[in-house]
Structure formats: C-alpha cells, structure tokens
Amino acid sequence: MSQAVGNTALAYARVWHHVDASERVLGKLAERIALVLMGKHKPIFDPSVDCGDYVVISNAAKVKVTGRKAEQIVYRHHTMYPGGLKEIKYKDMMERKPDEIIRKAVSGMLPKNKLRERRLERLRIFEGDDVGVFKHNILKRWEDGTLPGQ
C-alpha cells in the first residue's frame, strides 16, 4: 500500500499536445484547447490549481470560421490615448497575424482570473507545418490519439 497522501507529482506532470488547425472551426478548436490548458481533461482537476498541459498548434493560417463571420468579426483594442480605438477586420488580421486570432479566441474561453496569463504561456502557435524545436516535446496528437512516429 502506498504511503502517499493526495495527488503525487506524476499526477501533475504536464504533457505536450499537438493540434493541426487546418480546416478546423475556430470556436470549437479554441474551446477544446482551453479545456486542455485548464486541465479539465485530468481526473485531478481543481479550479484553483494550475494543472493544465502544453498545446502546440500548427497551420494556424488555415483555420476557418463558419457563416458570415469572416466579414463580421472585428478585433478592437485601445492605445490609451484620446481617440485611440483601433479596429482590425478578421480578414486583415488573418493576413497579418493568424496566430493572434487563435490566441484571442482561446483567451476569451479561459476563466478571467490570476491563472489566465500563465495558462496562455503554455500555448504555442505556428502559422505553418513546422513547429520547430517543440516537435521533440510532443507526446499526444489530437487526430488519432497516438504517439508521434507511430
């Protein structure tokens, strides 16, 4: 019988997940990524503990939205100067920074608390197929649930 009381370090170990965003719907993809970043897929989930995993996204430029959202979505931010409200349309943002579209969608689905920024730091987004040095860390792929290289 084990002498450990409560959850062990192995239960809190972080796993690297890989997601191919090509031809995936933005909202459904962001929702699933937010669940993994929070750790809700683990049996030890606790809202006050940061027990989520890392997520690496490739092909961010190929993500799609449904309906007329491509013409209707507008991203706004303020420069904090008078009259400094800036608006960027979805199509312009997709040309300039497609990774920022996914980051904003995931950020909106995470709880608005002190753990939010720390969870977003575990999100890595790449516009193309190449995920750089992170390909050695990846343990799970979402498409078929197998380990890479099999």
# chains A, B, ... in the order shown; residues from 1 in each chain; ligands from 1
$ residues_around --residues "Thr66 (chain A)" --least-positions-apart "3" --cutoff "9 Å" --atoms "only C-alpha atoms" --output "MDAnalysis selection string"
chainID A and resid 25:26 69:70
$ select_by_dssp --residues "region 13-150 of chain A" --states "alpha helix (DSSP H)" --output "VMD selection string"
chain A and resid 26 to 38 69 to 72 90 to 96 98 to 109 116 to 121
$ closest_residue --among "A:Ala11, A:Ala61, A:Ile33, A:Met93" --to "Arg76 (chain A)" --atoms "only C-alpha atoms"
A:Met93
$ residues_around --residues "Val133 (chain A)" --least-positions-apart "4" --cutoff "12 Å" --atoms "only C-alpha atoms" --output "list in words"
Val56, Arg124, Phe126, Asn137 and Ile138 of chain A
$ select_by_dssp --residues "chain A" --states "strand (DSSP E or B)" --output "PyMOL selection string"
chain A and resi 16-20+25+54-58+64+74-78+85-89+123-125+140-141
$ write_last_selection --atoms "N, CA and C atoms" --output "compact mmCIF listing (two decimals), in the first residue's frame"
# COMPACT_ATOMS: atom_id res chain seq x y z
N TRP A 16 2.66 17.42 -23.55
CA TRP A 16 2.61 18.30 -24.71
C TRP A 16 1.65 17.71 -25.73
N HIS A 17 0.66 18.49 -26.15
CA HIS A 17 -0.32 18.07 -27.15
C HIS A 17 -0.05 18.82 -28.46
N HIS A 18 -0.25 18.13 -29.59
CA HIS A 18 -0.10 18.76 -30.90
C HIS A 18 -1.45 18.81 -31.59
N VAL A 19 -1.79 19.97 -32.17
CA VAL A 19 -3.05 20.17 -32.87
C VAL A 19 -2.75 20.72 -34.25
N ASP A 20 -3.34 20.09 -35.28
CA ASP A 20 -3.26 20.62 -36.64
C ASP A 20 -4.54 21.41 -36.88
N VAL A 25 -12.77 24.44 -37.30
CA VAL A 25 -13.58 25.61 -36.97
C VAL A 25 -12.99 26.29 -35.75
N TYR A 54 0.57 21.57 -21.99
CA TYR A 54 1.03 22.42 -23.07
C TYR A 54 0.29 22.06 -24.35
N VAL A 55 0.05 23.05 -25.22
CA VAL A 55 -0.61 22.81 -26.51
C VAL A 55 0.21 23.50 -27.59
N VAL A 56 0.58 22.75 -28.63
CA VAL A 56 1.30 23.28 -29.78
C VAL A 56 0.37 23.19 -30.98
N ILE A 57 0.13 24.33 -31.64
CA ILE A 57 -0.79 24.39 -32.77
C ILE A 57 0.01 24.68 -34.03
N SER A 58 -0.23 23.90 -35.07
CA SER A 58 0.39 24.16 -36.37
C SER A 58 -0.70 24.50 -37.38
N LYS A 64 -10.61 28.05 -40.04
CA LYS A 64 -11.75 28.67 -40.74
C LYS A 64 -12.83 29.04 -39.73
N VAL A 74 -14.72 41.80 -35.90
CA VAL A 74 -13.81 42.94 -35.82
C VAL A 74 -13.08 42.87 -34.49
N TYR A 75 -11.75 42.95 -34.52
CA TYR A 75 -10.94 42.93 -33.31
C TYR A 75 -10.63 44.38 -32.92
N ARG A 76 -10.89 44.73 -31.66
CA ARG A 76 -10.69 46.10 -31.20
C ARG A 76 -9.69 46.12 -30.04
N HIS A 77 -8.87 47.17 -30.01
CA HIS A 77 -8.03 47.44 -28.86
C HIS A 77 -7.82 48.95 -28.77
N HIS A 78 -7.46 49.42 -27.59
CA HIS A 78 -7.31 50.85 -27.37
C HIS A 78 -5.87 51.14 -26.99
N LEU A 85 -8.91 54.23 -30.33
CA LEU A 85 -9.56 52.93 -30.55
C LEU A 85 -9.18 52.41 -31.93
N LYS A 86 -8.54 51.26 -31.97
CA LYS A 86 -8.11 50.66 -33.23
C LYS A 86 -8.99 49.46 -33.54
N GLU A 87 -9.39 49.32 -34.80
CA GLU A 87 -10.22 48.20 -35.24
C GLU A 87 -9.52 47.50 -36.39
N ILE A 88 -9.47 46.16 -36.31
CA ILE A 88 -8.87 45.35 -37.37
C ILE A 88 -9.89 44.29 -37.76
N LYS A 89 -10.20 44.18 -39.04
CA LYS A 89 -11.16 43.18 -39.51
C LYS A 89 -10.51 41.80 -39.53
N LEU A 123 0.63 27.96 -24.43
CA LEU A 123 0.07 27.81 -25.77
C LEU A 123 1.09 28.29 -26.79
N ARG A 124 1.49 27.42 -27.70
CA ARG A 124 2.44 27.76 -28.76
C ARG A 124 1.72 27.64 -30.10
N ILE A 125 1.76 28.71 -30.91
CA ILE A 125 1.02 28.73 -32.17
C ILE A 125 1.99 29.01 -33.31
N LYS A 140 1.28 13.74 -27.44
CA LYS A 140 -0.04 13.35 -27.90
C LYS A 140 -0.46 14.19 -29.10
N ARG A 141 -1.10 13.50 -30.07
CA ARG A 141 -1.72 14.20 -31.18
C ARG A 141 -3.22 14.04 -31.04
$ residues_around --residues "Pro47 (chain A)" --least-positions-apart "2" --cutoff "12 Å" --atoms "only C-alpha atoms" --output "MDAnalysis selection string"
chainID A and resid 35 37:40 42 44:45 49:52 110:116
$ atom_distance --atom1 "CA of Arg32 (chain A)" --atom2 "CA of Ala105 (chain A)"
11.1 Å
